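Student: Structure file structure_27.cif, mmCIF, C-alpha atoms, is pasted below:
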```cif
data_target
loop_
_atom_site.label_atom_id
_atom_site.label_comp_id
_atom_site.auth_asym_id
_atom_site.auth_seq_id
_atom_site.Cartn_x
_atom_site.Cartn_y
_atom_site.Cartn_z
CA MET E 1 124.65 124.71 95.65
CA LYS E 2 122.27 122.80 97.91
CA ILE E 3 123.65 121.74 101.25
CA ASP E 4 121.81 119.32 103.45
CA ARG E 5 121.17 121.03 106.79
CA SER E 6 122.12 118.11 109.02
CA LYS E 7 125.38 117.59 107.17
CA PHE E 8 125.97 121.32 107.23
CA LEU E 9 125.68 121.40 111.00
CA GLU E 10 127.81 118.28 111.33
CA CYS E 11 130.50 119.99 109.34
CA MET E 12 130.13 123.24 111.23
CA ALA E 13 130.75 121.33 114.44
CA TRP E 14 134.30 120.59 113.53
CA CYS E 15 135.19 123.03 110.82
CA GLY E 16 136.05 125.50 113.53
CA THR E 17 136.67 129.04 112.46
CA GLY E 18 136.97 128.36 108.77
CA ALA E 19 135.33 130.99 106.64
CA ILE E 20 134.98 128.67 103.73
CA TYR E 21 134.71 125.00 104.33
CA THR E 22 134.63 121.94 102.21
CA LEU E 23 134.26 118.32 103.08
CA ALA E 24 136.49 116.37 100.82
CA GLY E 25 135.11 112.99 101.84
CA PRO E 26 131.85 111.50 100.64
CA GLY E 27 129.03 113.91 101.31
CA ILE E 28 129.07 117.58 100.72
CA VAL E 29 131.26 120.09 99.07
CA GLY E 30 130.33 123.65 99.67
CA ARG E 31 131.15 127.06 100.95
CA ALA E 32 129.56 128.88 103.84
CA LEU E 33 130.35 131.57 106.31
CA ALA E 34 130.93 130.25 109.79
CA ASP E 35 131.03 132.00 113.10
CA THR E 36 133.89 131.47 115.46
CA MET E 37 133.23 128.14 117.18
CA SER E 38 135.09 125.83 119.43
CA THR E 39 136.89 123.07 117.58
CA PRO E 40 136.51 119.53 118.95
CA LEU E 41 139.96 118.57 117.65
CA ALA E 42 138.55 115.43 116.12
CA GLY E 43 141.54 114.55 114.04
CA LYS E 44 145.04 115.30 112.88
CA THR E 45 145.66 118.55 111.09
CA PHE E 46 147.98 120.23 108.64
CA VAL E 47 148.12 123.71 107.15
CA GLN E 48 148.71 124.95 103.61
CA ILE E 49 150.11 128.41 102.93
CA SER E 50 151.03 129.71 99.52
CA ASP E 51 152.42 132.50 97.38
CA THR E 52 154.18 134.62 99.99
CA HIS E 53 156.10 136.44 97.20
CA VAL E 54 158.79 137.83 99.47
CA GLY E 55 160.48 140.60 97.47
CA PHE E 56 157.27 141.93 95.91
CA HIS E 57 156.91 145.69 96.34
CA GLY E 58 154.01 146.51 94.05
CA GLN E 59 150.89 148.51 94.69
CA ALA E 60 148.81 145.41 95.41
CA ASN E 61 150.68 144.91 98.71
CA THR E 62 153.48 147.19 99.82
CA ASP E 63 154.37 145.00 102.81
CA VAL E 64 154.26 141.30 101.96
CA ILE E 65 156.42 140.53 104.98
CA ALA E 66 153.71 141.86 107.30
CA THR E 67 150.98 139.75 105.73
CA PHE E 68 153.24 136.67 105.69
CA GLN E 69 153.83 137.28 109.39
CA GLN E 70 150.08 137.53 110.00
CA ALA E 71 149.67 134.14 108.36
CA ILE E 72 152.38 132.66 110.58
CA ASP E 73 150.76 134.20 113.65
CA LYS E 74 147.47 132.55 112.69
CA ILE E 75 149.16 129.16 112.38
CA ASN E 76 150.94 129.57 115.69
CA ALA E 77 147.64 130.52 117.37
CA LEU E 78 145.78 127.44 116.17
CA PRO E 79 144.24 125.42 119.01
CA GLN E 80 145.99 122.32 117.74
CA ARG E 81 149.57 122.31 116.57
CA PRO E 82 149.50 121.10 112.95
CA ASP E 83 151.40 117.93 112.10
CA PHE E 84 152.98 119.81 109.22
CA VAL E 85 152.77 122.98 107.16
CA MET E 86 153.17 122.92 103.39
CA HIS E 87 154.08 126.04 101.43
CA THR E 88 152.84 125.51 97.88
CA GLY E 89 155.25 127.77 96.07
CA ASP E 90 156.22 131.28 95.06
CA LEU E 91 157.96 131.68 98.38
CA THR E 92 159.91 134.51 96.75
CA HIS E 93 159.11 136.98 94.02
CA LEU E 94 162.45 136.91 92.17
CA SER E 95 164.43 133.89 93.44
CA LYS E 96 167.00 136.20 95.09
CA ALA E 97 169.29 134.85 97.81
CA ASP E 98 168.19 137.42 100.37
CA GLN E 99 164.54 136.61 99.63
CA PHE E 100 165.12 132.89 100.18
CA ASP E 101 166.95 133.73 103.38
CA THR E 102 164.05 135.83 104.69
CA VAL E 103 161.54 133.09 103.88
CA LYS E 104 163.70 130.45 105.56
CA GLN E 105 163.97 132.49 108.72
CA MET E 106 160.23 133.20 108.82
CA LEU E 107 159.23 129.59 108.11
CA GLY E 108 161.56 128.63 110.95
CA THR E 109 159.28 130.39 113.43
CA ILE E 110 156.25 128.25 112.56
CA LYS E 111 155.15 125.92 115.33
CA ALA E 112 154.41 122.67 113.52
CA GLY E 113 155.70 119.12 113.36
CA ALA E 114 157.49 119.93 110.11
CA VAL E 115 157.52 122.55 107.37
CA TYR E 116 157.71 121.56 103.70
CA ALA E 117 157.69 123.48 100.43
CA VAL E 118 157.31 122.98 96.71
CA PRO E 119 158.63 125.60 94.27
CA GLY E 120 156.64 128.13 92.27
CA GLU E 121 157.83 129.53 88.95
CA HIS E 122 159.03 132.63 90.81
CA ASP E 123 161.41 130.44 92.83
CA VAL E 124 163.24 128.96 89.83
CA ILE E 125 163.86 132.03 87.65
CA ASP E 126 167.62 132.20 87.24
CA ASP E 127 169.00 128.79 88.15
CA ARG E 128 166.30 126.21 87.44
CA GLY E 129 165.58 126.11 91.14
CA ALA E 130 169.08 125.24 92.39
CA SER E 131 168.83 127.85 95.17
CA PHE E 132 165.33 126.75 96.10
CA PHE E 133 166.13 123.06 96.21
CA SER E 134 169.33 123.58 98.20
CA THR E 135 167.43 125.67 100.76
CA PHE E 136 164.06 123.92 100.98
CA GLY E 137 164.41 120.73 99.00
CA HIS E 138 165.00 117.12 99.86
CA GLY E 139 168.45 116.40 98.59
CA ALA E 140 168.78 116.30 94.84
CA ALA E 141 165.18 115.21 94.30
CA HIS E 142 162.71 117.67 92.87
CA TRP E 143 159.81 115.62 94.20
CA TYR E 144 159.21 113.62 97.35
CA SER E 145 156.58 111.99 99.51
CA PHE E 146 156.04 111.54 103.22
CA ASP E 147 153.51 110.12 105.66
CA ALA E 148 152.11 112.53 108.23
CA ALA E 149 148.79 113.56 109.78
CA GLY E 150 147.36 110.23 108.66
CA VAL E 151 147.80 110.92 104.97
CA HIS E 152 150.31 109.95 102.32
CA ALA E 153 151.53 113.29 101.00
CA ILE E 154 153.17 113.75 97.60
CA ALA E 155 155.04 116.99 96.88
CA LEU E 156 155.58 117.70 93.19
CA THR E 157 157.39 120.26 91.04
CA ASN E 158 155.48 121.48 87.97
CA VAL E 159 157.22 124.81 87.34
CA LEU E 160 160.34 123.74 85.44
CA ASP E 161 160.35 123.85 81.63
CA ILE E 162 156.84 125.22 81.65
CA THR E 163 155.10 125.93 78.38
CA ALA E 164 151.91 127.83 79.03
CA GLY E 165 150.73 125.76 81.96
CA GLY E 166 152.71 123.63 84.37
CA VAL E 167 154.60 120.50 83.41
CA LEU E 168 155.26 117.37 85.48
CA GLY E 169 157.31 115.49 82.91
CA ARG E 170 157.95 111.84 82.24
CA ASP E 171 160.46 111.20 85.03
CA GLN E 172 158.26 112.69 87.72
CA LEU E 173 155.13 110.89 86.53
CA GLU E 174 156.98 107.57 86.58
CA TRP E 175 158.21 108.34 90.09
CA VAL E 176 154.62 109.04 91.21
CA ARG E 177 153.51 105.76 89.66
CA SER E 178 156.07 103.80 91.67
CA ASP E 179 155.45 105.82 94.83
CA LEU E 180 151.71 105.13 94.70
CA ALA E 181 152.19 101.46 93.90
CA GLY E 182 152.91 100.72 97.55
CA GLN E 183 149.86 102.55 98.88
CA ARG E 184 146.56 100.92 99.80
CA ALA E 185 143.40 102.20 98.15
CA ASN E 186 141.97 103.43 101.47
CA THR E 187 145.01 105.51 102.35
CA PRO E 188 144.11 109.21 102.07
CA ILE E 189 146.33 110.75 99.41
CA VAL E 190 147.18 114.45 99.41
CA VAL E 191 149.04 115.86 96.40
CA PHE E 192 150.80 119.23 96.50
CA ALA E 193 152.16 121.30 93.60
CA HIS E 194 152.28 124.99 92.79
CA ILE E 195 150.39 125.32 89.50
CA PRO E 196 146.88 123.80 89.52
CA LEU E 197 146.94 120.12 88.63
CA TYR E 198 143.67 120.52 86.77
CA ALA E 199 142.34 122.83 84.10
CA ALA E 200 141.43 125.73 86.43
CA TYR E 201 141.68 128.29 83.59
CA PRO E 202 143.93 127.19 80.75
CA GLN E 203 143.50 130.52 78.94
CA TRP E 204 145.76 132.05 81.59
CA GLY E 205 148.04 129.06 81.90
CA TRP E 206 146.27 127.94 85.09
CA THR E 207 146.60 124.26 84.34
CA THR E 208 149.23 121.52 84.05
CA ASP E 209 149.80 120.09 80.58
CA ASP E 210 150.14 116.45 81.65
CA TYR E 211 147.80 116.39 84.65
CA MET E 212 145.49 113.81 83.08
CA GLU E 213 148.14 111.14 83.40
CA LEU E 214 148.54 111.93 87.09
CA LEU E 215 144.78 111.90 87.57
CA ALA E 216 144.56 108.42 86.05
CA MET E 217 147.01 107.13 88.66
CA LEU E 218 144.98 108.66 91.49
CA ARG E 219 141.58 107.25 90.54
CA ARG E 220 141.90 103.94 92.40
CA PHE E 221 142.15 105.71 95.76
CA GLU E 222 139.10 106.35 97.92
CA SER E 223 140.19 109.80 99.08
CA VAL E 224 142.43 112.11 97.08
CA THR E 225 142.91 115.79 97.86
CA VAL E 226 144.97 117.94 95.46
CA LEU E 227 146.17 121.25 96.91
CA ASN E 228 147.71 123.96 94.72
CA GLY E 229 148.62 127.65 94.78
CA HIS E 230 149.63 129.96 91.93
CA ILE E 231 146.29 131.63 91.22
CA HIS E 232 145.96 133.47 94.58
CA GLN E 233 142.33 132.54 95.19
CA VAL E 234 140.26 129.64 96.43
CA LEU E 235 138.74 127.56 93.68
CA SER E 236 137.63 123.95 93.93
CA LYS E 237 136.60 121.15 91.67
CA VAL E 238 135.44 117.58 92.25
CA ASP E 239 136.27 114.84 89.77
CA GLY E 240 135.03 111.52 91.08
CA LYS E 241 136.88 110.82 94.33
CA VAL E 242 139.52 113.43 93.57
CA LYS E 243 139.04 116.90 95.02
CA PHE E 244 141.06 119.88 93.81
CA PHE E 245 141.54 123.09 95.76
CA THR E 246 143.59 126.16 94.96
CA ALA E 247 144.63 128.41 97.85
CA ASP E 248 144.71 132.07 98.74
CA SER E 249 148.06 133.86 98.72
CA THR E 250 149.42 135.63 101.78
CA ALA E 251 150.67 138.46 99.54
CA PHE E 252 148.10 139.71 97.02
CA PRO E 253 145.01 138.46 95.17
CA GLN E 254 144.67 137.87 91.45
CA PRO E 255 141.56 138.40 89.32
CA ALA E 256 138.96 135.66 89.09
CA PRO E 257 139.30 133.73 85.83
CA GLY E 258 138.29 135.79 82.85
CA THR E 259 137.43 138.94 84.81
CA ALA E 260 140.49 140.88 83.60
CA PRO E 261 142.48 140.98 80.37
CA LYS E 262 145.43 139.25 82.06
CA PRO E 263 146.27 137.59 85.36
CA GLY E 264 148.55 139.42 87.77
CA PRO E 265 148.60 141.27 91.08
CA LEU E 266 145.17 142.74 91.82
CA THR E 267 144.94 145.93 93.86
CA VAL E 268 141.86 145.95 96.10
CA PRO E 269 140.52 148.91 98.11
CA ALA E 270 142.60 149.87 101.14
CA GLY E 271 141.50 147.95 104.20
CA GLU E 272 140.13 145.01 102.22
CA LEU E 273 143.38 143.24 101.43
CA GLY E 274 143.16 140.86 104.39
CA GLN E 275 139.84 139.52 103.11
CA HIS E 276 141.62 138.29 99.97
CA LEU E 277 144.57 136.61 101.71
CA GLY E 278 144.57 133.58 103.91
CA ILE E 279 145.71 130.21 105.14
CA ARG E 280 144.14 126.77 104.78
CA ASN E 281 143.49 124.42 107.69
CA VAL E 282 143.02 120.76 106.83
CA THR E 283 141.63 118.23 109.30
CA ILE E 284 141.75 114.47 108.81
CA VAL E 285 138.89 112.89 110.72
CA GLY E 286 139.75 109.27 111.35
CA ILE E 287 141.59 106.91 109.06
CA PRO E 288 140.02 106.42 106.64
CA GLY E 289 137.68 109.32 107.00
CA PRO E 290 136.67 112.62 105.54
CA ILE E 291 139.18 115.40 105.08
CA ALA E 292 137.94 118.87 105.98
CA VAL E 293 139.43 121.79 104.09
CA ALA E 294 138.78 125.14 105.79
CA ASP E 295 140.04 128.39 104.34
CA GLU E 296 140.52 131.27 106.74
CA THR E 297 141.27 134.80 105.57
CA LEU E 298 143.78 137.04 107.30
CA ALA E 299 140.92 139.44 108.08
CA GLN E 300 139.24 136.91 110.36
CA MET U 1 217.64 151.69 70.03
CA LYS U 2 214.82 152.96 67.86
CA LEU U 3 212.48 150.30 69.19
CA ILE U 4 211.17 152.22 72.16
CA PRO U 5 210.12 155.33 70.20
CA ILE U 6 208.33 153.11 67.68
CA ILE U 7 206.43 151.35 70.44
CA LEU U 8 205.57 154.71 71.92
CA ILE U 9 204.27 155.95 68.59
CA LEU U 10 202.24 152.79 68.11
CA ALA U 11 200.83 153.17 71.57
CA LEU U 12 199.87 156.76 70.89
CA VAL U 13 198.29 155.84 67.58
CA GLY U 14 196.44 153.03 69.29
CA ALA U 15 195.12 155.36 71.96
CA ALA U 16 194.09 157.90 69.37
CA SER U 17 192.28 155.33 67.25
CA PHE U 18 190.53 153.83 70.29
CA LYS U 19 188.65 156.97 71.10
CA PRO U 20 186.60 157.25 67.92
CA LEU U 21 185.70 153.54 68.25
CA ALA U 22 184.36 154.15 71.75
CA ALA U 23 182.34 157.08 70.49
CA ALA U 24 180.94 154.88 67.73
CA ALA U 25 179.84 152.33 70.32
CA ASP U 26 178.01 155.04 72.25
CA GLU U 27 176.16 155.96 69.10
CA ALA U 28 175.03 152.43 68.30
CA PRO U 29 171.40 152.48 67.28
CA THR U 30 169.09 151.58 70.15
CA THR U 31 165.57 150.22 70.08
CA GLN U 32 163.37 149.82 73.13
CA VAL U 33 160.84 147.09 73.78
CA THR U 34 158.54 147.55 76.77
CA ILE U 35 157.17 144.65 78.75
CA ASP U 36 153.69 145.72 79.72
CA GLY U 37 150.55 143.80 80.59
CA TYR U 38 152.25 140.42 80.16
CA ALA U 39 153.31 141.21 76.58
CA PHE U 40 156.41 142.35 74.70
CA LYS U 41 155.58 145.58 72.90
CA ALA U 42 156.19 145.31 70.07
CA PRO U 43 156.24 141.51 69.92
CA SER U 44 158.22 141.57 66.64
CA ILE U 45 160.82 144.17 65.72
CA THR U 46 163.22 144.47 62.79
CA VAL U 47 166.59 146.14 63.41
CA ALA U 48 169.91 146.61 61.64
CA ALA U 49 172.90 144.52 62.73
CA GLY U 50 174.72 146.25 65.57
CA THR U 51 171.53 147.56 67.15
CA VAL U 52 171.21 147.51 70.92
CA VAL U 53 167.75 146.38 72.00
CA VAL U 54 166.70 147.50 75.46
CA TRP U 55 163.81 145.80 77.22
CA LYS U 56 162.14 147.48 80.17
CA ASN U 57 159.69 145.71 82.46
CA LEU U 58 156.75 147.92 83.45
CA ASP U 59 154.75 145.12 85.12
CA ASP U 60 154.92 144.45 88.85
CA ASP U 61 155.29 140.77 88.03
CA PRO U 62 158.81 139.68 87.10
CA HIS U 63 159.64 138.69 83.54
CA THR U 64 162.65 137.39 81.67
CA VAL U 65 163.91 138.00 78.15
CA THR U 66 165.23 134.58 77.21
CA ALA U 67 166.40 133.49 73.76
CA VAL U 68 164.92 130.22 72.54
CA ASP U 69 168.39 129.28 71.25
CA GLY U 70 170.01 130.24 74.56
CA SER U 71 172.07 133.08 73.10
CA PHE U 72 170.85 135.61 75.67
CA ASP U 73 168.95 135.59 78.95
CA SER U 74 168.12 138.58 81.09
CA GLY U 75 167.45 136.69 84.30
CA GLY U 76 164.57 137.97 86.41
CA LEU U 77 163.59 141.57 85.69
CA ALA U 78 161.73 143.32 88.50
CA GLN U 79 159.45 146.27 87.80
CA GLY U 80 161.51 149.06 86.22
CA ASP U 81 164.50 146.83 85.44
CA THR U 82 166.05 146.94 81.97
CA PHE U 83 168.05 144.43 79.92
CA ARG U 84 170.30 145.33 76.97
CA HIS U 85 171.51 143.03 74.24
CA THR U 86 173.49 143.92 71.11
CA PHE U 87 172.44 142.05 67.98
CA SER U 88 175.61 141.83 65.90
CA LYS U 89 174.68 139.16 63.37
CA PRO U 90 171.75 139.09 60.96
CA GLY U 91 169.13 136.47 61.71
CA THR U 92 165.81 135.84 63.41
CA TYR U 93 165.97 135.64 67.19
CA GLN U 94 162.97 134.27 69.05
CA TYR U 95 162.66 134.85 72.75
CA TYR U 96 160.17 134.30 75.57
CA CYS U 97 159.59 134.90 79.27
CA LYS U 98 160.62 131.94 81.41
CA VAL U 99 158.10 132.90 84.09
CA HIS U 100 155.22 133.32 81.62
CA PRO U 101 156.15 131.24 78.57
CA MET U 102 153.06 132.32 76.67
CA MET U 103 154.84 135.69 76.32
CA ARG U 104 156.79 135.48 73.05
CA GLY U 105 158.80 137.94 70.99
CA THR U 106 160.99 138.07 67.89
CA VAL U 107 163.92 140.24 66.85
CA ILE U 108 164.69 140.17 63.13
CA VAL U 109 168.20 141.46 62.44
CA LYS U 110 169.03 142.67 58.90
CA GLU U 111 172.43 143.52 57.41
CA ALA U 112 173.50 146.97 58.49
CA SER U 113 173.35 149.43 55.57
CA SER U 114 176.73 150.98 54.92
#
```
Could you write out this file's structure as structure tokens?

Tutor:
Amino acid sequence: MKIDRSKFLECMAWCGTGAIYTLAGPGIVGRALADTMSTPLAGKTFVQISDTHVGFHGQANTDVIATFQQAIDKINALPQRPDFVMHTGDLTHLSKADQFDTVKQMLGTIKAGAVYAVPGEHDVIDDRGASFFSTFGHGAAHWYSFDAAGVHAIALTNVLDITAGGVLGRDQLEWVRSDLAGQRANTPIVVFAHIPLYAAYPQWGWTTDDYMELLAMLRRFESVTVLNGHIHQVLSKVDGKVKFFTADSTAFPQPAPGTAPKPGPLTVPAGELGQHLGIRNVTIVGIPGPIAVADETLAQ
Amino acid sequence: MKLIPIILILALVGAASFKPLAAAADEAPTTQVTIDGYAFKAPSITVAAGTVVVWKNLDDDPHTVTAVDGSFDSGGLAQGDTFRHTFSKPGTYQYYCKVHPMMRGTVIVKEASS
């Protein structure tokens, strides 16, 4: 991918310590290694974390609590306190009460304006998410929106009644339609859900069956950023003015699409795990303005 | 006053007849299905009515054994967990994993041969 040098340096100036950066506004989308730099704090910020899988004890990570804690320590050490933190699902591995309790306590130590979550399929195993929604939800609603950090954020659930990929469903899509109806075209929109809201790799179920209908509703906006988890790695795609990003897990990586017979926890050589886990810092530079998405591994 | 001895005899007979039934239950035919590599192995099995099917999850990702018709549901199975279900009536039972719905399996239950 070609990156214009002047724009690269402009981005470097405020992408801070991000190992992988992407400008989600007009201009460039790319990835590059960046040295530790001072951050000018040009805008409001929020953080995405994902797939903490509390309760996982497999070979791929024998201490998911420790790596979750490292992620929290990174957030709490940020030079600017984020306006909010969003956990994009699979908080737990098995939807157990003690696992939800551990996650709640750990999320409670994050220094941010607010902490939100959307469920992953691992959070809704036995009770269609009743435990999740009573602990982390917003009343009876399985979806919600809020305004923070200069963006209109929409938090969706696409892990109930799943087929192969995620499902939003008629009721939720109609709710999104009415929620967006009141938003101006130049309002930055950020959409969160666990399973990718685009066809990241349908062969492994890494897609959402009815995402095209959502995408059609988002097209009139000048800046749309869609942030997902589920696949435990950073992938991105640009479709017009809509930018999609999947996030690293804090627990364990998964294979890149098609590089293994099946998805699932990937065991990497000892000492390299932190390079495959991470958090995502997002900076909103002016309203309206570009949104910078910077992924930082736990090894940094 | 012969009622009490009769009840006692009935009770003794009942106790005696219960034991063989319990032994029969222990000897119910059992078939195992492993869950390995995001698949039910074997994905389709045929058993006689009365067979106990035992699923064991070998993956370090959780799975469920959930009947399409809702007649049984294991809940989340962690690595090494097992789930048992007795298939009493002949029929075709389709099931899937709620966490990974592309994982599908079938149990075909035939009349038990006498």

Student: Dump as a ChimeraX atom specification the residues of chain E that approach chain U to within 12 Å, counting all atoms listed in the file.

Tutor: /E:53,55-62,90,92-96,120-128,159-167,202-206,230,252,254,260-267

Student: Give me the residues within 12 Å of E:Gly274 as a ChimeraX atom specification, counting only C-alpha atoms and dropping any in the same chain fewer than 2 places off.

Tutor: /E:60-61,64,66-68,70-71,248-253,267-272,276-279,296-300

Student: Residues within 12 Å of E:Asp171, please, as a PyMOL selection string. Count all atoms listed in the file; anything in the same chain fewer than 6 positions from it doesn't count.

Tutor: chain E and resi 141-143+156-158+177-178

Student: Choose the residue, out of E:Phe245, E:Phe136, E:Phe84, E:Trp175, that has the smallest atom-to-atom separation from E:Val103; count only C-alpha atoms.

Tutor: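 Ranking E:Phe245, E:Phe136, E:Phe84, E:Trp175 by distance to E:Val103, first place goes to E:Phe136.
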
Student: Apply the PyMOL selection byres ((chain E and resi 188) around 7) to the structure shown and report the selected residues as a VMD selection string.

Tutor: chain E and resid 151 to 152 186 to 187 189 to 190 223 to 224 288

Student: Using only C-alpha atoms, please write the residues we just selected to a file, as a PDB file, in the frame of the given file.

Tutor:
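This went into part.pdb:
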```pdb
ATOM      1  CA  VAL E 151     147.800 110.920 104.970  1.00  0.00           C
ATOM      2  CA  HIS E 152     150.310 109.950 102.320  1.00  0.00           C
ATOM      3  CA  ASN E 186     141.970 103.430 101.470  1.00  0.00           C
ATOM      4  CA  THR E 187     145.010 105.510 102.350  1.00  0.00           C
ATOM      5  CA  ILE E 189     146.330 110.750  99.410  1.00  0.00           C
ATOM      6  CA  VAL E 190     147.180 114.450  99.410  1.00  0.00           C
ATOM      7  CA  SER E 223     140.190 109.800  99.080  1.00  0.00           C
ATOM      8  CA  VAL E 224     142.430 112.110  97.080  1.00  0.00           C
ATOM      9  CA  PRO E 288     140.020 106.420 106.640  1.00  0.00           C
TER      10      PRO E 288
END
```

Student: Mind giving me the straight-line distance from atom CA of U:Ala67 to atom CA of E:Gly229 in Å, one decimal?

Tutor: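 Separating atom CA of U:Ala67 from atom CA of E:Gly229 is a distance of 28.1 Å.
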
Student: At a cut-off of 6 Å from (158.7, 126.3, 98.0) in the coordinates of the file, what residues are picked up using only C-alpha atoms, written as a ChimeraX atom specification?

Tutor: /E:87-89,91,117-119

Student: Env of stretch 92-96 of chain U: 6 Å cut, atoms = all atoms listed in the file, seq-sep filter 4 positions within chain, self excluded. Answer as a list in words.

Tutor: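 Skipping anything fewer than 4 positions along the chain leaves Val65, Thr66, Ala67, Val68, Pro101, Met103, Arg104, Gly105, Thr106, Val107 and Ile108 of chain U.
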
Student: Name every residue that the PyMOL selection byres ((chain E and resi 242-244) around 9) selects in this structure, writing the answer as a list of chain:residue names with chains first and numbers rising.

Tutor: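 So the PyMOL selection byres ((chain E and resi 242-244) around 9) ends up selecting E:Ala24, E:Gly25, E:Pro196, E:Leu197, E:Tyr198, E:Leu215, E:Leu218, E:Arg219, E:Phe221, E:Glu222, E:Ser223, E:Val224, E:Thr225, E:Val226, E:Leu227, E:Asn228, E:Leu235, E:Ser236, E:Lys237, E:Val238, E:Asp239, E:Gly240, E:Lys241, E:Phe245, E:Thr246.
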
Student: State, in Å with one decimal place, the distance from atom CA of E:Ala155 to atom CA of E:Phe192.

Tutor: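 Atom CA of E:Phe192 lies 4.8 Å from atom CA of E:Ala155.
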
Student: What separation in Å, quoted to one decimal, exists between atom CA of U:Leu58 and atom CA of U:Asp81?

Tutor: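 Between atom CA of U:Leu58 and atom CA of U:Asp81 the gap is 8.1 Å.
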
Student: List, as a list of chain:residue names, every residue that the PyMOL selection byres ((chain E and resi 280-286) around 7) selects in the file provided.

Tutor: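 Taken over the shown coordinates, the PyMOL selection byres ((chain E and resi 280-286) around 7) returns E:Ala42, E:Gly43, E:Lys44, E:Thr45, E:Phe46, E:Val47, E:Gln48, E:Ile49, E:Gly278, E:Ile279, E:Ile287, E:Pro288, E:Gly289, E:Pro290, E:Ile291, E:Ala292, E:Val293, E:Ala294, E:Asp295, E:Glu296.
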
Student: Can you list, as a PyMOL selection string, every protein, DNA or RNA residue that comes within 9 Å of U:Val109 when you count only C-alpha atoms, leaving out same-chain residues fewer than 2 positions away?

Tutor: chain U and resi 45-51+87-93+107+111-112
